[in-house]
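Shown next: final-v6.cif, given as mmCIF, C-alpha atoms and all ligand atoms.
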data_upload
loop_
_atom_site.label_atom_id
_atom_site.label_comp_id
_atom_site.auth_asym_id
_atom_site.auth_seq_id
_atom_site.Cartn_x
_atom_site.Cartn_y
_atom_site.Cartn_z
CA MET A 1 -58.66 -25.44 0.24
CA ASP A 2 -57.22 -27.43 -2.62
CA LEU A 3 -57.72 -25.56 -5.91
CA ARG A 4 -56.92 -28.53 -8.13
CA HIS A 5 -59.68 -29.16 -10.70
CA ARG A 6 -61.77 -26.27 -9.33
CA TRP A 7 -63.42 -24.08 -11.96
CA VAL A 8 -62.27 -20.47 -11.76
CA LEU A 9 -63.94 -17.74 -13.82
CA ILE A 10 -62.09 -14.43 -14.22
CA THR A 11 -63.49 -11.39 -16.03
CA GLY A 12 -61.10 -8.91 -17.66
CA ALA A 13 -58.33 -11.48 -18.05
CA SER A 14 -56.76 -10.19 -21.27
CA SER A 15 -54.20 -8.08 -19.35
CA GLY A 16 -53.04 -6.93 -15.93
CA PHE A 17 -54.44 -8.53 -12.77
CA GLY A 18 -56.85 -10.84 -14.59
CA ALA A 19 -54.18 -12.29 -16.89
CA ALA A 20 -51.72 -12.83 -14.03
CA ALA A 21 -54.45 -14.36 -11.86
CA ALA A 22 -55.45 -16.79 -14.61
CA VAL A 23 -51.89 -18.12 -14.84
CA ALA A 24 -51.53 -18.27 -11.03
CA PHE A 25 -54.78 -20.26 -10.62
CA ALA A 26 -53.74 -22.56 -13.50
CA ARG A 27 -50.42 -23.15 -11.77
CA ALA A 28 -52.39 -24.16 -8.66
CA GLY A 29 -54.18 -26.81 -10.75
CA ALA A 30 -57.48 -24.99 -11.34
CA ARG A 31 -59.50 -25.01 -14.57
CA LEU A 32 -59.96 -21.55 -16.04
CA ILE A 33 -62.72 -19.76 -17.88
CA ILE A 34 -61.57 -16.29 -18.82
CA GLY A 35 -63.46 -13.46 -20.48
CA ALA A 36 -62.65 -10.07 -22.03
CA ARG A 37 -63.29 -8.09 -25.22
CA ARG A 38 -59.84 -8.54 -26.84
CA LEU A 39 -60.08 -12.20 -27.79
CA ASP A 40 -56.60 -12.40 -29.36
CA ARG A 41 -55.01 -11.25 -26.09
CA LEU A 42 -57.28 -13.56 -24.13
CA GLU A 43 -56.29 -16.57 -26.24
CA ARG A 44 -52.65 -15.83 -25.48
CA VAL A 45 -53.41 -15.78 -21.74
CA ALA A 46 -55.27 -19.11 -22.10
CA GLN A 47 -52.21 -20.56 -23.81
CA SER A 48 -50.01 -19.33 -20.92
CA CYS A 49 -52.37 -21.19 -18.55
CA ARG A 50 -51.99 -24.37 -20.63
CA ASP A 51 -48.21 -23.88 -20.67
CA VAL A 52 -48.18 -24.29 -16.87
CA GLY A 53 -50.34 -27.41 -17.09
CA GLY A 54 -53.81 -25.91 -16.67
CA GLU A 55 -57.04 -26.17 -18.65
CA ALA A 56 -58.28 -22.83 -19.97
CA HIS A 57 -61.17 -21.59 -22.08
CA ALA A 58 -61.14 -18.06 -23.52
CA LEU A 59 -64.61 -16.63 -24.15
CA PRO A 60 -65.60 -13.21 -25.55
CA LEU A 61 -67.14 -10.96 -22.90
CA ASP A 62 -68.17 -7.33 -22.69
CA VAL A 63 -69.47 -6.87 -19.16
CA GLY A 64 -70.96 -3.56 -20.31
CA SER A 65 -73.55 -5.38 -22.40
CA SER A 66 -76.35 -7.55 -20.96
CA GLU A 67 -76.51 -9.41 -24.27
CA SER A 68 -72.79 -10.24 -24.17
CA VAL A 69 -72.98 -11.36 -20.54
CA GLY A 70 -75.95 -13.59 -21.45
CA GLU A 71 -74.03 -15.20 -24.32
CA PHE A 72 -70.96 -15.59 -22.13
CA ALA A 73 -72.98 -17.29 -19.38
CA ALA A 74 -74.50 -19.70 -21.92
CA ALA A 75 -71.01 -20.55 -23.18
CA VAL A 76 -69.86 -21.09 -19.58
CA ARG A 77 -72.79 -23.49 -18.96
CA ASN A 78 -71.75 -25.45 -22.08
CA ARG A 79 -68.41 -26.15 -20.43
CA THR A 80 -69.31 -26.64 -16.78
CA SER A 81 -72.35 -26.69 -14.50
CA ASN A 82 -70.22 -25.45 -11.57
CA VAL A 83 -68.18 -22.28 -11.09
CA ASP A 84 -66.24 -22.59 -7.82
CA ILE A 85 -64.49 -19.24 -7.87
CA LEU A 86 -65.67 -16.05 -9.55
CA VAL A 87 -63.26 -13.12 -9.79
CA ASN A 88 -65.05 -9.96 -10.89
CA ASN A 89 -62.03 -8.03 -12.13
CA ALA A 90 -63.08 -6.37 -15.42
CA GLY A 91 -63.03 -2.60 -15.22
CA GLY A 92 -60.81 0.42 -15.02
CA ALA A 93 -60.77 4.19 -15.20
CA HIS A 94 -61.36 6.55 -18.13
CA GLY A 95 -60.05 10.09 -17.77
CA LEU A 96 -58.91 12.15 -14.78
CA GLU A 97 -60.84 15.35 -15.33
CA PRO A 98 -62.64 17.22 -12.57
CA VAL A 99 -66.41 16.80 -12.67
CA VAL A 100 -66.94 20.16 -14.41
CA ASP A 101 -64.88 18.90 -17.37
CA GLY A 102 -66.11 15.30 -17.26
CA LYS A 103 -67.19 13.45 -20.41
CA ASP A 104 -70.40 11.44 -20.59
CA ALA A 105 -68.66 8.68 -22.57
CA ASP A 106 -66.01 8.23 -19.86
CA TRP A 107 -68.56 8.19 -17.03
CA GLU A 108 -70.78 5.76 -18.90
CA ALA A 109 -67.88 3.40 -19.67
CA MET A 110 -66.84 3.35 -15.99
CA VAL A 111 -70.37 2.75 -14.75
CA GLN A 112 -70.99 0.03 -17.34
CA ALA A 113 -67.81 -1.94 -16.67
CA ASN A 114 -67.08 -1.46 -12.96
CA PHE A 115 -70.62 -1.18 -11.58
CA LEU A 116 -73.30 -2.65 -13.87
CA GLY A 117 -70.86 -5.22 -15.31
CA LEU A 118 -70.08 -6.52 -11.82
CA LEU A 119 -73.81 -6.87 -11.10
CA ARG A 120 -74.58 -8.53 -14.45
CA VAL A 121 -71.83 -11.14 -14.25
CA THR A 122 -72.65 -11.91 -10.62
CA ARG A 123 -76.36 -12.36 -11.43
CA ALA A 124 -75.49 -14.75 -14.26
CA ILE A 125 -72.85 -16.83 -12.46
CA VAL A 126 -73.94 -17.10 -8.80
CA PRO A 127 -76.61 -19.71 -9.72
CA LEU A 128 -73.75 -21.91 -10.98
CA MET A 129 -71.77 -21.66 -7.73
CA PRO A 130 -72.02 -24.76 -5.53
CA ARG A 131 -73.52 -24.43 -2.06
CA ASP A 132 -71.49 -25.33 1.05
CA ALA A 133 -68.45 -26.36 -0.97
CA GLY A 134 -65.99 -23.53 -0.36
CA ALA A 135 -67.01 -21.43 -3.37
CA SER A 136 -65.62 -17.87 -3.48
CA LEU A 137 -66.85 -14.69 -5.12
CA ILE A 138 -64.07 -12.11 -5.13
CA ASN A 139 -64.63 -8.57 -6.39
CA ILE A 140 -61.75 -6.29 -7.31
CA GLY A 141 -62.26 -2.92 -5.67
CA SER A 142 -59.66 -0.22 -5.11
CA ILE A 143 -58.33 2.19 -2.53
CA ALA A 144 -60.19 4.66 -4.77
CA GLY A 145 -63.37 3.21 -3.25
CA HIS A 146 -62.11 4.13 0.23
CA THR A 147 -60.72 7.63 -0.38
CA ALA A 148 -61.78 10.02 -3.13
CA TYR A 149 -59.27 12.10 -5.07
CA GLU A 150 -59.43 15.06 -7.47
CA GLY A 151 -60.38 13.92 -10.96
CA GLY A 152 -61.57 10.59 -9.61
CA ALA A 153 -65.21 11.39 -8.81
CA ALA A 154 -66.70 8.83 -11.20
CA TYR A 155 -64.03 6.16 -10.77
CA CYS A 156 -63.95 6.53 -6.98
CA GLY A 157 -67.74 6.46 -7.07
CA VAL A 158 -67.97 3.15 -8.94
CA LYS A 159 -65.31 1.57 -6.73
CA ALA A 160 -67.18 2.76 -3.62
CA ALA A 161 -70.25 1.12 -5.18
CA GLU A 162 -68.24 -2.10 -5.53
CA ARG A 163 -67.76 -2.10 -1.73
CA SER A 164 -71.48 -1.70 -1.18
CA ILE A 165 -72.31 -4.43 -3.69
CA THR A 166 -69.83 -6.78 -2.00
CA GLN A 167 -71.35 -6.08 1.42
CA ALA A 168 -74.90 -6.60 0.13
CA LEU A 169 -73.93 -9.85 -1.60
CA ARG A 170 -72.33 -11.18 1.57
CA LEU A 171 -75.66 -10.63 3.35
CA GLU A 172 -77.74 -12.03 0.49
CA LEU A 173 -75.59 -15.16 0.14
CA ASN A 174 -75.35 -15.87 3.87
CA GLY A 175 -76.62 -19.42 4.32
CA THR A 176 -75.31 -20.66 0.97
CA GLY A 177 -71.70 -21.22 2.09
CA ILE A 178 -70.52 -18.99 -0.78
CA ARG A 179 -67.77 -16.70 0.45
CA VAL A 180 -67.82 -13.06 -0.63
CA SER A 181 -64.70 -10.89 -0.61
CA SER A 182 -63.25 -7.64 -1.89
CA LEU A 183 -59.60 -7.18 -2.83
CA ASP A 184 -58.82 -3.46 -2.91
CA PRO A 185 -55.41 -2.57 -4.41
CA GLY A 186 -53.53 0.70 -4.49
CA MET A 187 -51.06 1.68 -7.18
CA ALA A 188 -50.25 -1.29 -9.44
CA LEU A 189 -48.43 -1.41 -12.75
CA SER A 190 -50.74 -2.78 -15.45
CA GLU A 191 -52.47 -1.21 -18.45
CA PHE A 192 -54.72 0.71 -16.02
CA SER A 193 -53.10 4.14 -16.50
CA LEU A 194 -52.60 3.63 -20.25
CA VAL A 195 -56.36 3.03 -20.53
CA ARG A 196 -57.18 5.93 -18.18
CA PHE A 197 -55.07 8.31 -20.32
CA LYS A 198 -56.33 6.90 -23.64
CA GLY A 199 -53.03 5.46 -24.82
CA ASP A 200 -50.79 8.35 -23.68
CA GLN A 201 -47.77 6.30 -22.58
CA VAL A 202 -45.80 9.30 -21.29
CA ARG A 203 -48.63 10.35 -18.98
CA ALA A 204 -49.19 6.75 -17.88
CA ASP A 205 -45.49 6.26 -17.07
CA ALA A 206 -45.47 9.47 -14.98
CA VAL A 207 -47.94 7.88 -12.53
CA TYR A 208 -45.28 5.36 -11.47
CA ARG A 209 -42.22 7.65 -11.76
CA GLY A 210 -39.73 6.81 -9.01
CA VAL A 211 -42.18 4.48 -7.25
CA GLN A 212 -42.09 0.71 -6.88
CA PRO A 213 -45.72 -0.16 -7.58
CA LEU A 214 -47.49 -3.46 -6.97
CA THR A 215 -47.32 -5.95 -9.83
CA PRO A 216 -50.19 -7.98 -11.31
CA GLU A 217 -48.43 -11.03 -9.86
CA ASP A 218 -48.75 -9.54 -6.33
CA ILE A 219 -52.49 -9.31 -6.86
CA ALA A 220 -52.67 -12.79 -8.41
CA GLU A 221 -50.84 -14.34 -5.46
CA THR A 222 -53.24 -12.66 -3.03
CA LEU A 223 -56.30 -13.87 -4.98
CA VAL A 224 -55.03 -17.45 -4.94
CA TRP A 225 -54.39 -17.15 -1.19
CA MET A 226 -57.91 -15.79 -0.55
CA ALA A 227 -59.62 -18.52 -2.57
CA SER A 228 -57.56 -21.31 -1.03
CA ARG A 229 -58.42 -20.55 2.63
CA PRO A 230 -60.42 -23.31 4.34
CA ALA A 231 -64.13 -23.29 3.41
CA HIS A 232 -65.18 -21.90 6.82
CA VAL A 233 -62.90 -18.84 6.44
CA ASN A 234 -64.18 -15.75 4.60
CA ILE A 235 -61.62 -13.03 3.91
CA ASP A 236 -64.04 -10.11 3.88
CA GLU A 237 -61.72 -7.42 2.58
CA ILE A 238 -58.06 -6.87 1.84
CA VAL A 239 -56.46 -3.49 1.14
CA ILE A 240 -53.07 -3.96 -0.53
CA LYS A 241 -50.76 -1.08 -1.41
CA PRO A 242 -47.11 -0.64 -2.37
CA THR A 243 -44.86 0.08 0.59
CA ASP A 244 -44.10 3.37 -1.20
CA GLN A 245 -47.79 4.38 -1.01
CA ALA A 246 -48.94 5.29 2.50
CA ALA A 247 -52.19 6.82 1.23
CA VAL A 248 -53.69 7.83 -2.11
CA HIS A 249 -51.77 11.14 -2.06
CA LYS A 250 -48.80 10.13 0.07
CA VAL A 251 -46.36 8.40 -2.26
CA ARG A 252 -42.60 8.13 -1.87
CA ARG A 253 -40.83 8.97 -5.14
CA ARG A 254 -37.13 8.31 -5.50
CA VAL A 255 -36.69 11.02 -8.17
P1 LIG E 301 -55.78 -3.51 -17.15
O1 LIG E 301 -56.21 -2.35 -17.97
O2 LIG E 301 -54.45 -4.10 -17.38
O3 LIG E 301 -56.88 -4.68 -17.25
C1 LIG E 301 -58.26 -4.40 -17.31
C2 LIG E 301 -58.96 -5.64 -17.80
O4 LIG E 301 -60.39 -5.39 -17.75
C3 LIG E 301 -58.60 -5.98 -19.24
O5 LIG E 301 -58.45 -7.37 -19.36
C4 LIG E 301 -59.83 -5.51 -20.03
O6 LIG E 301 -60.02 -6.37 -21.14
C5 LIG E 301 -60.92 -5.75 -18.99
N1 LIG E 301 -62.14 -4.97 -19.27
C6 LIG E 301 -62.29 -3.62 -19.24
N2 LIG E 301 -63.53 -3.29 -19.61
C7 LIG E 301 -64.17 -4.46 -19.90
C8 LIG E 301 -65.46 -4.79 -20.37
N3 LIG E 301 -66.37 -3.83 -20.64
N4 LIG E 301 -65.79 -6.09 -20.55
C9 LIG E 301 -64.86 -7.06 -20.29
N5 LIG E 301 -63.62 -6.82 -19.86
C10 LIG E 301 -63.28 -5.53 -19.68
O7 LIG E 301 -55.91 -3.01 -15.63
P2 LIG E 301 -55.83 -3.76 -14.21
O8 LIG E 301 -55.42 -5.16 -14.36
O9 LIG E 301 -55.04 -2.88 -13.33
O10 LIG E 301 -57.35 -3.65 -13.76
C11 LIG E 301 -58.10 -4.74 -13.28
C12 LIG E 301 -59.06 -4.23 -12.22
O11 LIG E 301 -58.32 -3.73 -11.11
C13 LIG E 301 -59.97 -3.09 -12.66
O12 LIG E 301 -61.26 -3.30 -12.11
C14 LIG E 301 -59.32 -1.85 -12.03
O13 LIG E 301 -60.24 -0.83 -11.81
C15 LIG E 301 -58.80 -2.45 -10.75
N6 LIG E 301 -57.73 -1.76 -10.05
C16 LIG E 301 -56.55 -1.43 -10.67
C17 LIG E 301 -55.53 -0.82 -9.95
C18 LIG E 301 -54.23 -0.41 -10.57
O14 LIG E 301 -53.55 0.48 -10.03
N7 LIG E 301 -53.81 -1.02 -11.66
C19 LIG E 301 -55.67 -0.55 -8.52
C20 LIG E 301 -56.96 -0.93 -7.98
C21 LIG E 301 -57.92 -1.52 -8.70
P3 LIG E 301 -60.53 -5.91 -22.61
O15 LIG E 301 -60.14 -4.48 -22.81
O16 LIG E 301 -59.84 -6.89 -23.52
O17 LIG E 301 -62.01 -6.12 -22.57
C1 LIG E 302 -56.58 2.25 -9.11
C2 LIG E 302 -55.84 2.91 -8.01
O1 LIG E 302 -55.60 5.10 -6.74
O2 LIG E 302 -55.16 5.12 -9.15
O3 LIG E 302 -57.83 1.82 -8.67
O4 LIG E 302 -57.40 4.97 -8.33
S1 LIG E 302 -56.03 4.60 -8.05
#
Write the structure described by the file as structure tokens, please.
Amino acid sequence: MDLRHRWVLITGASSGFGAAAAVAFARAGARLIIGARRLDRLERVAQSCRDVGGEAHALPLDVGSSESVGEFAAAVRNRTSNVDILVNNAGGAHGLEPVVDGKDADWEAMVQANFLGLLRVTRAIVPLMPRDAGASLINIGSIAGHTAYEGGAAYCGVKAAERSITQALRLELNGTGIRVSSLDPGMALSEFSLVRFKGDQVRADAVYRGVQPLTPEDIAETLVWMASRPAHVNIDEIVIKPTDQAAVHKVRRRV
């Protein structure tokens, strides 16, 4: 499917996968609406989209707030009546403590962004997605939603919920022609670990020590490929991991 002039909405586009995806879709000729909380960073991503010839609008968005999602959706409707591709990417992990040491604030942040945020944005944007015209709704899951690990109870839980939400949406939207997909990455180098470890760069770097992780550009390329399949093709689910990562716990380290 030709992505030129299609409207693509990406949540959490101020860094990592979302930022790289915005530029990749812009390069393919799409028009971008991007949302996140850090508006200065988001504006820079929008400029990068324009630098490759795309149209881009940066809008403030906190998916953890119904009010913010409502204002965001109103601002989206001011720019377009159609959203052809929705990428629900906003989210991340907070902390890596076992449940007995878990913090309410971390759990609440993960549930708000990865779980409720995904539902809120989808509820607001699906009515703008055209019927029978090759529209795509792509949720970013994780291998954490497939296999739990120590310290990941809440994060693995919300990413497992993402899989269930994706499956339910595919059933609910059957008959509309809107495609529903999940892209589930393994270890990828972004700000994910820096956020998880609350700015501790040394601890974040240790996650990727001796490993060649995925890059945000790997994820962006896959998203563009998924959205540009012919309208009758639905890529239900992709799991993408670094070659160095055979499973959550089975990682080749060169040091
Ligand atoms: P980054 O930390 O680089 O990017 C996360 C993005 O989400 C930022 O743009 C951030 O923007 C945004 N975000 C977080 N919370 C909110 C919120 N409440 N409202 C709006 N935007 C929000 O990490 P990644 O690019 O790696 O993460 C993107 C997605 O991929 C996440 O859902 C993550 O769980 C998932 N993932 C990551 C993997 C990895 O190894 N990196 C592997 C598998 C899945 P801002 O702070 O400006 O609001
Ligand atoms: C991010 C990948 O395995 O660190 O979702 O949870 S993992």
Tell me, counting only C-alpha atoms, for each residue of region 49-90 of chain A within 7 Å of region 4-14 of chain A, which pair of atoms is nearest and how far apart they are in Å to one decimal, in rows ordered by chain and increasing number, as CSV.
residue,atom,partner,partner_atom,distance
A:Asn82,CA,A:Trp7,CA,6.9
A:Val83,CA,A:Trp7,CA,5.2
A:Asp84,CA,A:Trp7,CA,5.2
A:Ile85,CA,A:Val8,CA,4.6
A:Leu86,CA,A:Leu9,CA,4.9
A:Val87,CA,A:Ile10,CA,4.8
A:Asn88,CA,A:Thr11,CA,5.6
A:Asn89,CA,A:Thr11,CA,5.4
A:Ala90,CA,A:Gly12,CA,3.9
Using all atoms listed in the file, I'd like a table of the residues in region 144-231 of chain A that come within 12 Å of region 29-42 of chain A; for each, show the closest atom pair and its distance in Å rounded to one decimal, ordered by chain and ascending number, as a Markdown table.
| residue | atom | partner | partner_atom | distance |
| --- | --- | --- | --- | --- |
| A:Val224 | CA | A:Ala30 | CA | 10.2 |
| A:Ala227 | CA | A:Ala30 | CA | 11.1 |
| A:Ser228 | CA | A:Ala30 | CA | 10.9 |
*So what do you get for CA of His249 (chain A) versus atom O11 of ligand LIG 301 (chain E), distance-wise?*
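Pair CA of His249 (chain A) / atom O11 of ligand LIG 301 (chain E) returns 18.6 Å.
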*asked:* Report as a PyMOL selection string all protein, DNA and RNA residues lying within 8 Å of Leu214 (chain A), evaluated on all atoms listed in the file, omitting residues in the same chain fewer than 5 positions from it.
replied: chain A and resi 186-189+219+241-242
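Nearest residue to Val126 (chain A), choosing from A:Gly177, A:Gly152, A:Gly92, A:Gly53 and counting all atoms listed in the file: A:Gly177.
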*Given all atoms listed in the file as the counted atoms, nearest of A:Ala124, A:Ala75, A:Ser181, A:Leu116 to Ile140 (chain A)*: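 Counting all atoms listed in the file, the residue closest to Ile140 (chain A) is A:Ser181.
For ligand LIG 302 (chain E), the neighbouring polymer residues at 7 Å or closer are Ser142, Ile143, Ala144, Cys156, Pro185, Gly186, Met187 and Val248 of chain A, all atoms listed in the file being used.
We find CA of Phe17 (chain A) and atom O2 of ligand LIG 301 (chain E) to be spaced 6.4 Å apart.
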